[in-house]
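Written below as structure tokens is the structure these notes are about.
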Amino acid sequence: MELKRRSLLAAIGAGTAAAALSGCGSTGSSAAGSADGPAEGEITLLTPIYEGADGKTLLEKQILGGFREKHPDVKVNVDYTTYAQLNEKITTGLAGGLLPDVLMMGVGWIPPFAAKKAIAELPEKLAAAHDYEKRVLEPSRYDGKLYALPVVLDTRIVVYRKDHFAEAGIKKTPANWAELRAVAKQLTKDGRLGFDPFSIDLRQCWETFLFANGGQLFSEDGKKVLFTDNRGVEALQFFKDLSKDGSADYTKKTDAGAPSNVQTGKASMMMTTSALWEQVREQNPELLKDDTLGCFILANRRPAMLQGGTLVTQSAKSKHPAAARALVEYLATPESILGAAKQRGSVPGLKDLNDSGYVKENKFVELSLQNLSAARSEGGTAAWMEIREKIKPTLEPAIVGGQSAKDAIAELGRLAEAAIGRM
């Protein structure tokens, strides 16, 4: 039985079950405005965020408590998962016809599931319900239509040790890769890394460097691979150069949640997320009190900050679409967003919250909001769910082995083109 389930999921991921998925999603209307009528009934929310006991209390007591006051005839059951298991959970639900009514998913995930008619189009007026930053809404669209609303953003930035910079006489942060490599070399000594780019996911790290190098993942219509040019190769080659210098080491990356290399002083700079601020506040509050950590946006041909995050969308098959739509809207209100951002150390994508105390005290979040014009999102093709899983294992041999950056990028390009061709 387990073998059959794995085979089905593999087929879904490869795109060979597209017809079956389209049929599964087409029984419900995906048109905007299909949620007319009273918000009532029992619905399920699938979420990869609101982790741990604190997150569960925030969601179920505070956020959903407020929702129940507005919609007393709606009962919400919560299905908690992780991002590592989310795609499998959604594809299993699609295959079995048991997709939750409301789903929270990542940036880049909307085109694949909208193309399969698994999620419902939302009324365009919801995009103007709050003062969203323009780039924040871009990942919520597919084929020009709105399918989701942003809840929180998770940006990729560079955090550095001000004390290490001062000790080395470095007075400004690197403005391009040449300066970054030189500064990393200068700061590398006595077992300390000058730069740790690898403690975030390799896929997200390479994408950030690709964008900073002026590159793109895909064409605007999502049907052509663009990262196989020199911009993509140079981004991967830069990792190899840093490793050759000895100022970066793939084997010394830290696990999520563990004290990071900049916290322990084992690295002077690192690629990380805005959430590191909350981690430091809990684990090493003295670093914030003493203003030891600074941050900047990666840049080469242009400044670039990878914009990930969590979006909320509605199943096209919900038996209670009005209730599902009401919950989607509520989870995207400023109050709900601020609570989720605080709990995760994430970036709220609403201008309404720029002056909140949370934003003002979290310098990594503040930097991210100041640089949203430089934000770039991953994804952009209906084949993304298959392609995203291949990026890390395809690029890794170029960093830890002898494969050239050019060959690794070419191989990834072939895999991506094949995935797009199957859509």
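Every chain in the structure tokens takes a letter, A first, then B, and so on in the order presented; its residues are numbered from 1, and the ligands are numbered from 1 following the presented order.
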
(request) Run DSSP on the backbone of this structure and report the residues of segment 229-273 of chain A it assigns to strand (DSSP E), as a ChimeraX atom specification. (result) /A:269-273

Take the residues that were just selected and, keeping all heavy atoms, output them as a CSV table (one decimal), in the first residue's frame.
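Full text of part.csv as output:
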chain,number,residue,atom,x,y,z
A,269,MET,N,30.5,36.9,8.7
A,269,MET,CA,29.3,37.2,7.9
A,269,MET,C,28.6,35.9,7.6
A,269,MET,O,29.2,34.9,7.5
A,269,MET,CB,29.7,37.9,6.6
A,269,MET,CG,30.4,39.2,6.8
A,269,MET,SD,30.9,39.9,5.1
A,269,MET,CE,32.2,38.8,4.6
A,270,MET,N,27.2,36.0,7.4
A,270,MET,CA,26.5,34.8,7.0
A,270,MET,C,25.2,35.3,6.2
A,270,MET,O,24.6,36.3,6.5
A,270,MET,CB,26.2,33.9,8.1
A,270,MET,CG,25.1,34.4,9.1
A,270,MET,SD,24.7,33.2,10.4
A,270,MET,CE,23.9,31.9,9.4
A,271,MET,N,24.8,34.4,5.3
A,271,MET,CA,23.5,34.6,4.7
A,271,MET,C,22.5,34.0,5.7
A,271,MET,O,22.7,32.9,6.2
A,271,MET,CB,23.4,33.8,3.4
A,271,MET,CG,24.2,34.4,2.2
A,271,MET,SD,23.6,36.0,1.7
A,271,MET,CE,21.9,35.7,1.3
A,272,THR,N,21.4,34.7,5.9
A,272,THR,CA,20.4,34.3,6.9
A,272,THR,C,19.0,34.9,6.6
A,272,THR,O,18.9,35.5,5.5
A,272,THR,CB,20.9,34.6,8.3
A,272,THR,OG1,20.0,34.0,9.3
A,272,THR,CG2,21.0,36.1,8.6
A,273,THR,N,18.1,34.8,7.5
A,273,THR,CA,16.8,35.3,7.3
A,273,THR,C,16.5,36.4,8.4
A,273,THR,O,17.2,36.4,9.4
A,273,THR,CB,15.7,34.3,7.4
A,273,THR,OG1,15.5,33.9,8.8
A,273,THR,CG2,16.1,33.0,6.6

(message) Taking 6 positions as the minimum chain separation for residues in the same chain, which residues sit within 9 Å of segment 397-406 of chain A when counting only C-alpha atoms? Answer as an NGL selection string.
(response) :A and (228 or 230 or 232-237 or 239-240 or 243 or 250-251)

Grab the residues selected above and save them as a PDB file, in the first residue's frame with C-alpha atoms.
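Once everything was written out, this is again13.pdb:
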ATOM      1  CA  THR A 228      21.496  28.702 -17.480  1.00  0.00           C
ATOM      2  CA  ASN A 230      26.490  33.221 -17.310  1.00  0.00           C
ATOM      3  CA  GLY A 232      23.579  31.522 -13.011  1.00  0.00           C
ATOM      4  CA  VAL A 233      26.969  29.914 -13.578  1.00  0.00           C
ATOM      5  CA  GLU A 234      28.811  32.843 -11.968  1.00  0.00           C
ATOM      6  CA  ALA A 235      26.577  32.649  -8.900  1.00  0.00           C
ATOM      7  CA  LEU A 236      27.488  28.993  -8.328  1.00  0.00           C
ATOM      8  CA  GLN A 237      31.138  29.590  -9.209  1.00  0.00           C
ATOM      9  CA  PHE A 239      30.566  29.601  -3.891  1.00  0.00           C
ATOM     10  CA  LYS A 240      33.403  27.484  -5.291  1.00  0.00           C
ATOM     11  CA  SER A 243      35.472  27.617  -0.631  1.00  0.00           C
ATOM     12  CA  TYR A 250      30.005  23.836   3.253  1.00  0.00           C
ATOM     13  CA  THR A 251      30.726  21.301   6.008  1.00  0.00           C
TER      14      THR A 251
END

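Counting only C-alpha atoms and comparing A:Ser318, A:Thr155, A:Thr394, A:Thr292, the residue that lies closest to Glu366 of chain A is A:Thr155.
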
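Between Val76 of chain A and the residues A:Thr44, A:Thr310, A:Gln62, A:Ser356, the shortest atom-to-atom distance, using only C-alpha atoms, involves A:Thr44.
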
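Once Glu179 of chain A and its same-chain neighbours fewer than 5 positions away are set aside, Ile170, Lys172, Thr173, Pro174, Ala184, Lys185, Gln186, Leu298, Ala299 and Asn300 of chain A remain within 12 Å of it when counting only C-alpha atoms.
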
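In this comparison, which uses only C-alpha atoms, the residue of A:Ala375, A:Leu58, A:Ala416, A:Ala326 approaching Leu122 of chain A most closely is A:Ala326.
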
(request) Using only C-alpha atoms, find the one residue out of A:Leu126, A:Leu287, A:Val365, A:Leu99 that sits nearest to Gln314 of chain A. (result) A:Leu99

Please provide as a tab-separated table (two decimals) with C-alpha atoms, in the first residue's frame all residues within 7 Å of Leu210 of chain A, with the sequence filter that same-chain residues fewer than 4 positions apart are discarded (counting only C-alpha atoms).
chain	number	residue	atom	x	y	z
A	206	TRP	CA	22.02	30.27	-4.96
A	214	GLY	CA	21.16	40.27	-12.53
A	215	GLY	CA	19.85	36.82	-13.42
A	216	GLN	CA	16.37	35.33	-13.56
A	231	ARG	CA	24.59	34.88	-14.45
A	232	GLY	CA	23.58	31.52	-13.01
A	235	ALA	CA	26.58	32.65	-8.90

(message) Residues near Asp190 of chain A, anyone? I mean within 10 Å using only C-alpha atoms, not counting same-chain ones fewer than 3 positions away, as a VMD selection string.
(response) chain A and resid 187 193 266

(message) If we count only C-alpha atoms and set the cut-off at 12 Å, which residues sit around Val280 of chain A, ignoring sequence neighbours fewer than 2 positions away in its own chain? Please answer as a ChimeraX atom specification.
(response) /A:159,257-264,273-278,282-289,291-293,345,362-364

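Among the candidates A:Glu60, A:Glu329, A:Asp54, A:Asp101, the residue lying nearest to Glu42 of chain A is A:Asp101 (atoms considered: only C-alpha atoms).
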
(request) May I have all residues of segment 70-206 of chain A that DSSP, computed from the backbone, assigns to alpha helix (DSSP H), given as an MDAnalysis selection string? (result) chainID A and resid 70 83:96 110:115 134:137 162:168 177:187 202:206

With N, CA and C atoms kept, could you save the residues just selected as a short mmCIF file (atom, residue, chain, number, x, y, z; two decimals), in the first residue's frame?
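Output file result-v4.cif follows:
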data_model
loop_
_atom_site.label_atom_id
_atom_site.label_comp_id
_atom_site.auth_asym_id
_atom_site.auth_seq_id
_atom_site.Cartn_x
_atom_site.Cartn_y
_atom_site.Cartn_z
N LYS A 70 -16.30 37.12 14.77
CA LYS A 70 -16.88 37.69 13.56
C LYS A 70 -17.75 36.68 12.81
N TYR A 83 6.92 22.63 6.50
CA TYR A 83 7.18 22.88 5.08
C TYR A 83 7.81 21.67 4.41
N ALA A 84 8.55 20.86 5.17
CA ALA A 84 9.16 19.66 4.60
C ALA A 84 8.11 18.65 4.16
N GLN A 85 6.96 18.66 4.81
CA GLN A 85 5.91 17.68 4.51
C GLN A 85 4.71 18.28 3.77
N LEU A 86 4.72 19.60 3.59
CA LEU A 86 3.53 20.28 3.08
C LEU A 86 3.17 19.86 1.66
N ASN A 87 4.15 19.81 0.75
CA ASN A 87 3.84 19.46 -0.63
C ASN A 87 3.24 18.06 -0.73
N GLU A 88 3.82 17.12 -0.01
CA GLU A 88 3.29 15.75 -0.03
C GLU A 88 1.87 15.71 0.52
N LYS A 89 1.64 16.49 1.57
CA LYS A 89 0.32 16.50 2.19
C LYS A 89 -0.72 17.06 1.22
N ILE A 90 -0.36 18.12 0.50
CA ILE A 90 -1.30 18.72 -0.45
C ILE A 90 -1.55 17.77 -1.62
N THR A 91 -0.49 17.18 -2.18
CA THR A 91 -0.66 16.29 -3.33
C THR A 91 -1.44 15.03 -2.95
N THR A 92 -1.22 14.55 -1.72
CA THR A 92 -2.01 13.40 -1.25
C THR A 92 -3.48 13.78 -1.14
N GLY A 93 -3.76 14.97 -0.61
CA GLY A 93 -5.14 15.44 -0.50
C GLY A 93 -5.79 15.61 -1.86
N LEU A 94 -5.01 16.10 -2.84
CA LEU A 94 -5.53 16.25 -4.19
C LEU A 94 -5.90 14.89 -4.79
N ALA A 95 -4.98 13.95 -4.63
CA ALA A 95 -5.20 12.63 -5.22
C ALA A 95 -6.41 11.94 -4.59
N GLY A 96 -6.64 12.17 -3.29
CA GLY A 96 -7.75 11.53 -2.60
C GLY A 96 -9.02 12.33 -2.56
N ILE A 110 2.00 29.03 -5.81
CA ILE A 110 0.69 29.36 -6.37
C ILE A 110 0.55 28.93 -7.83
N PRO A 111 1.49 29.25 -8.73
CA PRO A 111 1.32 28.81 -10.12
C PRO A 111 1.10 27.31 -10.29
N PRO A 112 1.87 26.42 -9.63
CA PRO A 112 1.63 24.99 -9.82
C PRO A 112 0.23 24.55 -9.42
N PHE A 113 -0.26 25.03 -8.29
CA PHE A 113 -1.57 24.56 -7.82
C PHE A 113 -2.72 25.30 -8.49
N ALA A 114 -2.49 26.53 -8.92
CA ALA A 114 -3.51 27.23 -9.70
C ALA A 114 -3.65 26.60 -11.08
N ALA A 115 -2.52 26.20 -11.67
CA ALA A 115 -2.55 25.57 -12.99
C ALA A 115 -3.32 24.26 -12.95
N LYS A 134 3.89 46.35 -3.31
CA LYS A 134 3.63 45.80 -4.65
C LYS A 134 4.28 44.43 -4.84
N ARG A 135 5.56 44.29 -4.49
CA ARG A 135 6.25 43.03 -4.73
C ARG A 135 5.73 41.89 -3.87
N VAL A 136 5.09 42.25 -2.76
CA VAL A 136 4.56 41.24 -1.85
C VAL A 136 3.41 40.48 -2.50
N LEU A 137 2.65 41.14 -3.35
CA LEU A 137 1.49 40.52 -3.99
C LEU A 137 1.85 39.70 -5.23
N LYS A 162 29.84 43.28 13.80
CA LYS A 162 30.47 44.60 13.79
C LYS A 162 31.81 44.59 14.51
N ASP A 163 31.93 43.76 15.54
CA ASP A 163 33.19 43.71 16.28
C ASP A 163 34.31 43.13 15.43
N HIS A 164 34.00 42.14 14.60
CA HIS A 164 35.01 41.56 13.71
C HIS A 164 35.45 42.58 12.66
N PHE A 165 34.49 43.32 12.13
CA PHE A 165 34.81 44.36 11.14
C PHE A 165 35.71 45.42 11.77
N ALA A 166 35.35 45.86 12.96
CA ALA A 166 36.14 46.90 13.63
C ALA A 166 37.55 46.42 13.92
N GLU A 167 37.67 45.19 14.38
CA GLU A 167 38.99 44.62 14.69
C GLU A 167 39.88 44.57 13.46
N ALA A 168 39.27 44.30 12.27
CA ALA A 168 40.03 44.21 11.03
C ALA A 168 40.18 45.56 10.33
N TRP A 177 30.46 41.57 -5.28
CA TRP A 177 31.08 40.29 -4.96
C TRP A 177 32.59 40.38 -4.81
N ALA A 178 33.21 41.24 -5.59
CA ALA A 178 34.67 41.38 -5.47
C ALA A 178 35.03 41.86 -4.07
N GLU A 179 34.29 42.85 -3.58
CA GLU A 179 34.54 43.35 -2.23
C GLU A 179 34.17 42.29 -1.19
N LEU A 180 33.08 41.55 -1.43
CA LEU A 180 32.66 40.52 -0.49
C LEU A 180 33.73 39.44 -0.36
N ARG A 181 34.29 39.01 -1.49
CA ARG A 181 35.33 37.98 -1.45
C ARG A 181 36.58 38.49 -0.73
N ALA A 182 36.96 39.74 -1.00
CA ALA A 182 38.15 40.31 -0.37
C ALA A 182 37.96 40.45 1.14
N VAL A 183 36.80 40.93 1.54
CA VAL A 183 36.51 41.10 2.97
C VAL A 183 36.45 39.75 3.66
N ALA A 184 35.84 38.76 2.99
CA ALA A 184 35.75 37.42 3.57
C ALA A 184 37.15 36.84 3.79
N LYS A 185 38.05 37.03 2.83
CA LYS A 185 39.43 36.57 2.98
C LYS A 185 40.10 37.25 4.17
N GLN A 186 39.90 38.55 4.27
CA GLN A 186 40.52 39.33 5.34
C GLN A 186 40.05 38.89 6.73
N LEU A 187 38.80 38.50 6.81
CA LEU A 187 38.21 38.15 8.11
C LEU A 187 38.45 36.68 8.51
N LEU A 202 20.51 25.68 0.32
CA LEU A 202 21.35 25.95 -0.84
C LEU A 202 20.54 26.49 -2.01
N ARG A 203 19.32 25.99 -2.18
CA ARG A 203 18.46 26.51 -3.25
C ARG A 203 18.24 28.00 -3.09
N GLN A 204 17.86 28.40 -1.90
CA GLN A 204 17.56 29.81 -1.65
C GLN A 204 18.82 30.67 -1.70
N CYS A 205 19.94 30.10 -1.27
CA CYS A 205 21.18 30.86 -1.29
C CYS A 205 21.62 31.13 -2.73
N TRP A 206 21.62 30.09 -3.56
CA TRP A 206 22.02 30.27 -4.96
C TRP A 206 21.07 31.23 -5.68
#

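Each of A:Ile43, A:Ala341, A:Met423, A:Ala175 was checked against Asn77 of chain A using only C-alpha atoms; the smallest atom-to-atom distance is that of A:Ile43.
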
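Between atom CA of Ala418 of chain A and atom CA of Phe238 of chain A lies a distance of 26.8 Å.
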
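One distance worth recording is that between atom CA of Ile420 of chain A and atom CA of Ala148 of chain A, which is 22.7 Å.
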